[in-house]
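Pasted below: input-v9.cif, mmCIF, C-alpha atoms and all ligand atoms.
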data_entry
loop_
_atom_site.label_atom_id
_atom_site.label_comp_id
_atom_site.auth_asym_id
_atom_site.auth_seq_id
_atom_site.Cartn_x
_atom_site.Cartn_y
_atom_site.Cartn_z
CA MET A 92 87.58 88.98 79.93
CA GLU A 93 88.69 91.37 77.21
CA ALA A 94 85.04 91.99 76.24
CA ALA A 95 84.14 92.95 79.81
CA LYS A 96 87.21 95.20 79.97
CA GLU A 97 86.15 96.83 76.70
CA THR A 98 82.64 97.49 78.05
CA CYS A 99 84.05 99.01 81.23
CA CYS A 100 86.47 101.17 79.27
CA GLN A 101 83.64 102.34 77.05
CA ASN A 102 81.77 103.28 80.21
CA GLY A 103 84.63 105.55 81.18
CA LEU A 104 86.53 103.23 83.50
CA ALA A 105 90.10 103.85 82.44
CA LYS A 106 92.55 101.26 81.22
CA GLU A 107 95.19 102.35 83.74
CA MET A 108 92.76 101.57 86.53
CA PHE A 109 92.40 98.01 85.25
CA GLU A 110 96.16 97.72 85.11
CA GLN A 111 96.45 98.80 88.74
CA LEU A 112 93.80 96.28 89.73
CA GLU A 113 95.46 93.53 87.68
CA HIS A 114 98.74 94.27 89.42
CA PHE A 115 97.05 93.89 92.81
CA ILE A 116 95.30 90.65 91.81
CA VAL A 117 98.62 89.18 90.73
CA SER A 118 100.15 90.17 94.09
CA VAL A 119 97.28 88.51 96.00
CA ASN A 120 97.76 85.31 94.00
CA PHE A 121 94.07 84.42 94.26
CA ASP A 122 93.42 80.69 94.47
CA PRO A 123 89.75 79.59 94.19
CA CYS A 124 90.62 76.39 96.11
CA SER A 125 92.29 78.12 99.04
CA PRO A 126 90.53 78.55 102.43
CA ARG A 127 91.58 82.20 102.12
CA ARG A 128 89.37 82.52 99.05
CA LYS A 129 86.71 84.78 100.61
CA GLY A 130 89.20 87.02 102.42
CA ASP A 131 91.22 87.43 99.26
CA LEU A 132 88.10 88.25 97.25
CA ILE A 133 87.17 90.92 99.82
CA SER A 134 90.68 92.44 99.61
CA ILE A 135 90.44 92.53 95.82
CA LEU A 136 87.04 94.22 95.97
CA HIS A 137 88.37 96.75 98.50
CA LYS A 138 91.21 97.54 96.16
CA ALA A 139 88.88 97.76 93.17
CA GLN A 140 86.61 100.19 95.00
CA HIS A 141 89.62 102.21 96.09
CA ILE A 142 90.79 102.46 92.47
CA PHE A 143 87.45 102.96 90.69
CA GLY A 144 85.48 104.63 93.50
CA TYR A 145 82.64 102.12 93.18
CA LEU A 146 81.87 98.62 91.92
CA PRO A 147 79.52 98.75 88.93
CA LYS A 148 78.15 95.49 87.52
CA GLU A 149 80.57 95.47 84.54
CA LEU A 150 83.52 95.67 86.91
CA GLN A 151 82.13 92.88 89.10
CA ILE A 152 81.78 90.70 85.99
CA TRP A 153 85.34 91.49 84.96
CA ILE A 154 86.64 90.54 88.43
CA ALA A 155 84.61 87.31 88.47
CA LYS A 156 85.99 86.27 85.06
CA ARG A 157 89.50 87.26 86.03
CA LEU A 158 89.30 85.10 89.19
CA ASN A 159 87.46 82.24 87.50
CA ILE A 160 84.52 82.43 89.87
CA GLN A 161 80.81 83.08 89.43
CA HIS A 162 79.56 86.64 89.18
CA SER A 163 76.95 85.73 91.83
CA GLU A 164 79.74 85.15 94.35
CA VAL A 165 81.18 88.60 93.70
CA SER A 166 77.79 90.34 93.76
CA GLY A 167 76.89 88.42 96.94
CA VAL A 168 79.92 89.83 98.76
CA VAL A 169 79.34 93.33 97.36
CA SER A 170 75.72 93.41 98.51
CA PHE A 171 76.48 91.84 101.91
CA TYR A 172 78.96 94.47 103.09
CA ASN A 173 77.72 98.03 103.58
CA TYR A 174 81.15 99.32 102.77
CA PHE A 175 80.86 98.35 99.10
CA THR A 176 78.91 100.53 96.74
CA THR A 177 77.70 99.97 93.18
CA THR A 178 77.01 103.64 92.52
CA PRO A 179 79.56 106.42 92.09
CA LYS A 180 80.23 108.76 95.02
CA GLY A 181 80.59 112.50 94.93
CA LYS A 182 83.78 114.32 95.88
CA TYR A 183 82.10 114.73 99.29
CA ASN A 184 80.09 111.76 100.45
CA VAL A 185 77.58 112.53 103.20
CA ALA A 186 76.81 109.33 105.12
CA VAL A 187 73.85 109.74 107.47
CA CYS A 188 73.39 107.07 110.13
CA LEU A 189 69.83 105.82 110.40
CA GLY A 190 70.61 103.24 113.09
CA THR A 191 68.14 103.10 115.97
CA ALA A 192 69.93 105.50 118.34
CA CYS A 193 70.36 108.09 115.58
CA PHE A 194 66.87 107.58 114.21
CA VAL A 195 65.17 108.26 117.55
CA GLN A 196 67.22 111.46 117.86
CA GLY A 197 65.89 112.77 114.54
CA ALA A 198 68.40 111.50 111.96
CA ASP A 199 65.57 111.12 109.42
CA LYS A 200 64.98 114.89 109.56
CA VAL A 201 68.71 115.52 109.05
CA LEU A 202 68.70 113.18 106.05
CA ALA A 203 65.60 114.86 104.59
CA GLU A 204 67.27 118.26 104.91
CA PHE A 205 70.42 117.11 103.08
CA GLU A 206 68.22 115.60 100.36
CA ARG A 207 66.27 118.85 100.07
CA GLN A 208 69.32 121.10 99.96
CA LEU A 209 71.28 118.95 97.53
CA GLY A 210 68.28 117.98 95.39
CA ILE A 211 69.15 114.26 95.46
CA LYS A 212 68.00 111.21 97.39
CA GLY A 213 70.03 108.82 99.53
CA GLY A 214 72.20 106.65 97.25
CA GLU A 215 72.43 109.38 94.59
CA VAL A 216 75.10 111.82 93.49
CA THR A 217 74.69 115.44 92.35
CA GLU A 218 75.09 116.13 88.63
CA ASP A 219 78.41 117.91 89.17
CA MET A 220 79.63 114.85 91.15
CA LYS A 221 80.39 117.08 94.09
CA PHE A 222 78.08 115.56 96.70
CA SER A 223 76.52 112.17 97.26
CA ILE A 224 74.34 110.92 100.09
CA ASP A 225 74.52 107.51 101.69
CA VAL A 226 72.27 106.05 104.33
CA VAL A 227 74.24 103.86 106.72
CA ARG A 228 73.51 101.73 109.76
CA CYS A 229 75.12 102.19 113.17
CA ILE A 230 78.70 103.39 112.83
CA GLY A 231 79.44 102.74 116.51
CA ALA A 232 79.18 106.31 117.75
CA CYS A 233 75.67 106.14 119.23
CA GLY A 234 76.67 108.43 122.13
CA LEU A 235 76.91 111.23 119.55
CA ALA A 236 73.56 110.49 117.92
CA PRO A 237 72.46 111.64 115.47
CA VAL A 238 75.74 111.09 113.65
CA LEU A 239 76.89 111.62 110.10
CA THR A 240 80.18 111.69 108.27
CA VAL A 241 81.38 113.73 105.32
CA ASN A 242 84.17 111.62 103.88
CA GLU A 243 86.34 110.93 106.96
CA LYS A 244 85.04 113.75 109.17
CA VAL A 245 82.50 112.81 111.85
CA TYR A 246 79.70 115.15 112.94
CA GLY A 247 77.79 114.34 116.15
CA LYS A 248 74.57 115.60 117.72
CA VAL A 249 73.55 117.09 114.40
CA ALA A 250 70.22 118.88 114.01
CA HIS A 251 68.52 119.44 110.67
CA THR A 252 69.16 123.16 111.20
CA ASP A 253 72.95 122.44 111.06
CA VAL A 254 72.83 121.09 107.50
CA ALA A 255 73.37 124.40 105.66
CA LYS A 256 76.37 125.19 107.88
CA ILE A 257 77.92 121.77 107.26
CA LEU A 258 77.47 122.05 103.48
CA GLU A 259 79.00 125.53 103.58
CA GLU A 260 82.29 123.92 104.72
CA TYR A 261 82.49 122.08 101.40
CA LYS A 262 81.59 124.92 99.03
CA ASP A 263 84.89 125.24 97.15
S1 LIG B 1 72.89 104.22 115.65
FE1 LIG B 1 73.96 105.82 114.68
S2 LIG B 1 75.95 105.59 115.45
FE2 LIG B 1 74.91 103.97 116.38
#

Would you mind giving the structure from this file in structure tokens?
Amino acid sequence: MEAAKETCCQNGLAKEMFEQLEHFIVSVNFDPCSPRRKGDLISILHKAQHIFGYLPKELQIWIAKRLNIQHSEVSGVVSFYNYFTTTPKGKYNVAVCLGTACFVQGADKVLAEFERQLGIKGGEVTEDMKFSIDVVRCIGACGLAPVLTVNEKVYGKVAHTDVAKILEEYKD
């Protein structure tokens, strides 16, 4: 466990963050034999992502060792839920919905315009860590298609010609 922690720390994941996560794990009192096992693992991963911003492989390995479970179980949960991410996010995360309703209303053009203006692809982050782009599936607001979010703020009926105006809001 210490070795994994060392690797993560070397990769810039701070010691205090591990301490916060450790504190949470202790409070959850994870028991691999409990029927609550999966729910508790999900809560721990939520907390870890909240603390670190994302769930890189080294952190997943650390969590698996800490909980005495296989890394494959942790990575299985991380890859199953859209909410979890293994790549860092920018200060402003643009999440473009490419679900069917949004796609047929031109969400792919909106995505392409964000990619062009920010110079990154979906799943990437700008060099200054200011913006990242995510491609998501239906977020349950199909009536507003095409829909995207920037952090918590929802934008509906977006056209590719609106992209510059939206980015302007986050030029600080
Ligand atoms: S398909 Fe985009 S919100 Fe439902």

* Could you give me the residues within 8 Å of ligand LIG 1 (chain B), counting all atoms listed in the file, as a list in words? => Cys188, Leu189, Gly190, Thr191, Ala192, Cys193, Phe194, Arg228, Cys229, Ile230, Gly231, Ala232, Cys233, Gly234, Leu235, Ala236, Pro237, Val238 and Leu239 of chain A

* Asked: Between CA of Ser223 in chain A and CA of Lys180 in chain A, what is the spacing in Å?
  ->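 Computed distance, CA of Lys180 in chain A to CA of Ser223 in chain A, equals 5.5 Å.
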
* **CA of Thr252 in chain A to CA of Thr176 in chain A, straight-line distance in Å** => 28.6 Å

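Ranking A:Phe205, A:Ala198, A:Glu243, A:Lys138 by their shortest atom-to-atom distance to Ile257 in chain A, with only C-alpha atoms included, puts A:Phe205 first.
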
* CA of Arg157 in chain A to CA of Gly181 in chain A: how many Å, to one decimal? ->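 So the two atoms, CA of Arg157 in chain A and CA of Gly181 in chain A, lie 28.2 Å apart.
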
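Among the candidate residues A:Lys200, A:Lys156, A:Lys129, A:Lys221, the one lying nearest to Val187 in chain A is A:Lys200, with distances computed using all atoms listed in the file.
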
Enclosing box along x, y and z for every listed atom of range 146-151 of chain A, padded 8 Å each side, centre and size in Å, one decimal, as JSON:
{"center_x": 80.8, "center_y": 95.8, "center_z": 88.2, "size_x": 21.4, "size_y": 21.9, "size_z": 23.4}

* Asked: Pick the closest to Gln140 in chain A from A:Val168, A:Leu158, A:Val227, A:Leu112: which is it, counting all atoms listed in the file?
  -> A:Leu112

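Using only C-alpha atoms, the nearest neighbour of Phe222 in chain A within the list A:Glu260, A:Tyr183, A:Ala255, A:Val169 is A:Tyr183.
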
* To do: Can you work out which one of A:Asp219, A:Glu164, A:Glu113, A:Glu204 has the shortest atom-to-atom distance to Val249 in chain A, counting all atoms listed in the file?
  =>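 Smallest distance to Val249 in chain A is found for A:Glu204.
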
Could you add whatever atoms are missing so that range 180-213 of chain A carries N, CA and C atoms, then write the result as a PDB file, in the coordinates of the input?
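Okay, this is what ended up in result_39.pdb:
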ATOM      1  N   LYS A 180      80.353 107.799  93.911  1.00  0.00           N
ATOM      2  CA  LYS A 180      80.230 108.760  95.020  1.00  0.00           C
ATOM      3  C   LYS A 180      80.664 110.133  94.534  1.00  0.00           C
ATOM      4  N   GLY A 181      80.146 111.154  95.228  1.00  0.00           N
ATOM      5  CA  GLY A 181      80.590 112.500  94.930  1.00  0.00           C
ATOM      6  C   GLY A 181      81.946 112.764  95.566  1.00  0.00           C
ATOM      7  N   LYS A 182      82.511 113.934  95.262  1.00  0.00           N
ATOM      8  CA  LYS A 182      83.780 114.320  95.880  1.00  0.00           C
ATOM      9  C   LYS A 182      83.613 114.310  97.408  1.00  0.00           C
ATOM     10  N   TYR A 183      82.422 114.762  97.857  1.00  0.00           N
ATOM     11  CA  TYR A 183      82.100 114.730  99.290  1.00  0.00           C
ATOM     12  C   TYR A 183      80.920 113.793  99.497  1.00  0.00           C
ATOM     13  N   ASN A 184      81.162 112.719 100.205  1.00  0.00           N
ATOM     14  CA  ASN A 184      80.090 111.760 100.450  1.00  0.00           C
ATOM     15  C   ASN A 184      79.537 111.964 101.864  1.00  0.00           C
ATOM     16  N   VAL A 185      78.257 112.315 101.916  1.00  0.00           N
ATOM     17  CA  VAL A 185      77.580 112.530 103.200  1.00  0.00           C
ATOM     18  C   VAL A 185      76.930 111.202 103.590  1.00  0.00           C
ATOM     19  N   ALA A 186      77.388 110.608 104.685  1.00  0.00           N
ATOM     20  CA  ALA A 186      76.810 109.330 105.120  1.00  0.00           C
ATOM     21  C   ALA A 186      76.028 109.575 106.410  1.00  0.00           C
ATOM     22  N   VAL A 187      74.710 109.477 106.309  1.00  0.00           N
ATOM     23  CA  VAL A 187      73.850 109.740 107.470  1.00  0.00           C
ATOM     24  C   VAL A 187      73.469 108.412 108.108  1.00  0.00           C
ATOM     25  N   CYS A 188      73.728 108.312 109.422  1.00  0.00           N
ATOM     26  CA  CYS A 188      73.390 107.070 110.130  1.00  0.00           C
ATOM     27  C   CYS A 188      71.902 107.060 110.473  1.00  0.00           C
ATOM     28  N   LEU A 189      71.243 105.992 110.044  1.00  0.00           N
ATOM     29  CA  LEU A 189      69.830 105.820 110.400  1.00  0.00           C
ATOM     30  C   LEU A 189      69.663 104.618 111.324  1.00  0.00           C
ATOM     31  N   GLY A 190      70.725 104.286 112.070  1.00  0.00           N
ATOM     32  CA  GLY A 190      70.610 103.240 113.090  1.00  0.00           C
ATOM     33  C   GLY A 190      69.626 103.700 114.162  1.00  0.00           C
ATOM     34  N   THR A 191      69.219 102.793 115.013  1.00  0.00           N
ATOM     35  CA  THR A 191      68.140 103.100 115.970  1.00  0.00           C
ATOM     36  C   THR A 191      68.427 104.331 116.823  1.00  0.00           C
ATOM     37  N   ALA A 192      69.628 104.383 117.441  1.00  0.00           N
ATOM     38  CA  ALA A 192      69.930 105.500 118.340  1.00  0.00           C
ATOM     39  C   ALA A 192      69.871 106.831 117.593  1.00  0.00           C
ATOM     40  N   CYS A 193      70.375 106.842 116.365  1.00  0.00           N
ATOM     41  CA  CYS A 193      70.360 108.090 115.580  1.00  0.00           C
ATOM     42  C   CYS A 193      68.943 108.409 115.117  1.00  0.00           C
ATOM     43  N   PHE A 194      68.227 107.368 114.718  1.00  0.00           N
ATOM     44  CA  PHE A 194      66.870 107.580 114.210  1.00  0.00           C
ATOM     45  C   PHE A 194      65.987 108.231 115.272  1.00  0.00           C
ATOM     46  N   VAL A 195      66.046 107.706 116.503  1.00  0.00           N
ATOM     47  CA  VAL A 195      65.170 108.260 117.550  1.00  0.00           C
ATOM     48  C   VAL A 195      65.557 109.687 117.935  1.00  0.00           C
ATOM     49  N   GLN A 196      66.781 110.079 117.576  1.00  0.00           N
ATOM     50  CA  GLN A 196      67.220 111.460 117.860  1.00  0.00           C
ATOM     51  C   GLN A 196      66.975 112.378 116.662  1.00  0.00           C
ATOM     52  N   GLY A 197      66.276 111.883 115.653  1.00  0.00           N
ATOM     53  CA  GLY A 197      65.890 112.770 114.540  1.00  0.00           C
ATOM     54  C   GLY A 197      66.768 112.707 113.309  1.00  0.00           C
ATOM     55  N   ALA A 198      67.525 111.600 113.128  1.00  0.00           N
ATOM     56  CA  ALA A 198      68.400 111.500 111.960  1.00  0.00           C
ATOM     57  C   ALA A 198      67.612 111.549 110.648  1.00  0.00           C
ATOM     58  N   ASP A 199      66.365 111.084 110.665  1.00  0.00           N
ATOM     59  CA  ASP A 199      65.570 111.120 109.420  1.00  0.00           C
ATOM     60  C   ASP A 199      65.332 112.554 108.966  1.00  0.00           C
ATOM     61  N   LYS A 200      65.185 113.470 109.926  1.00  0.00           N
ATOM     62  CA  LYS A 200      64.980 114.890 109.560  1.00  0.00           C
ATOM     63  C   LYS A 200      66.280 115.474 108.982  1.00  0.00           C
ATOM     64  N   VAL A 201      67.408 115.049 109.549  1.00  0.00           N
ATOM     65  CA  VAL A 201      68.710 115.520 109.050  1.00  0.00           C
ATOM     66  C   VAL A 201      68.887 115.024 107.608  1.00  0.00           C
ATOM     67  N   LEU A 202      68.581 113.751 107.392  1.00  0.00           N
ATOM     68  CA  LEU A 202      68.700 113.180 106.050  1.00  0.00           C
ATOM     69  C   LEU A 202      67.801 113.935 105.071  1.00  0.00           C
ATOM     70  N   ALA A 203      66.559 114.172 105.471  1.00  0.00           N
ATOM     71  CA  ALA A 203      65.600 114.860 104.590  1.00  0.00           C
ATOM     72  C   ALA A 203      66.108 116.253 104.227  1.00  0.00           C
ATOM     73  N   GLU A 204      66.774 116.907 105.175  1.00  0.00           N
ATOM     74  CA  GLU A 204      67.270 118.260 104.910  1.00  0.00           C
ATOM     75  C   GLU A 204      68.451 118.231 103.920  1.00  0.00           C
ATOM     76  N   PHE A 205      69.336 117.242 104.066  1.00  0.00           N
ATOM     77  CA  PHE A 205      70.420 117.110 103.080  1.00  0.00           C
ATOM     78  C   PHE A 205      69.814 116.826 101.696  1.00  0.00           C
ATOM     79  N   GLU A 206      68.845 115.946 101.651  1.00  0.00           N
ATOM     80  CA  GLU A 206      68.220 115.600 100.360  1.00  0.00           C
ATOM     81  C   GLU A 206      67.581 116.850  99.738  1.00  0.00           C
ATOM     82  N   ARG A 207      66.932 117.641 100.580  1.00  0.00           N
ATOM     83  CA  ARG A 207      66.270 118.850 100.070  1.00  0.00           C
ATOM     84  C   ARG A 207      67.303 119.850  99.554  1.00  0.00           C
ATOM     85  N   GLN A 208      68.349 120.080 100.359  1.00  0.00           N
ATOM     86  CA  GLN A 208      69.320 121.100  99.960  1.00  0.00           C
ATOM     87  C   GLN A 208      70.175 120.679  98.766  1.00  0.00           C
ATOM     88  N   LEU A 209      70.437 119.403  98.644  1.00  0.00           N
ATOM     89  CA  LEU A 209      71.280 118.950  97.530  1.00  0.00           C
ATOM     90  C   LEU A 209      70.457 118.520  96.316  1.00  0.00           C
ATOM     91  N   GLY A 210      69.156 118.348  96.506  1.00  0.00           N
ATOM     92  CA  GLY A 210      68.280 117.980  95.390  1.00  0.00           C
ATOM     93  C   GLY A 210      68.479 116.550  94.922  1.00  0.00           C
ATOM     94  N   ILE A 211      68.980 115.688  95.799  1.00  0.00           N
ATOM     95  CA  ILE A 211      69.150 114.260  95.460  1.00  0.00           C
ATOM     96  C   ILE A 211      68.623 113.415  96.621  1.00  0.00           C
ATOM     97  N   LYS A 212      68.432 112.144  96.357  1.00  0.00           N
ATOM     98  CA  LYS A 212      68.000 111.210  97.390  1.00  0.00           C
ATOM     99  C   LYS A 212      69.205 110.421  97.909  1.00  0.00           C
ATOM    100  N   GLY A 213      68.990 109.712  99.027  1.00  0.00           N
ATOM    101  CA  GLY A 213      70.030 108.820  99.530  1.00  0.00           C
ATOM    102  C   GLY A 213      70.414 107.821  98.445  1.00  0.00           C
TER     103      GLY A 213
END
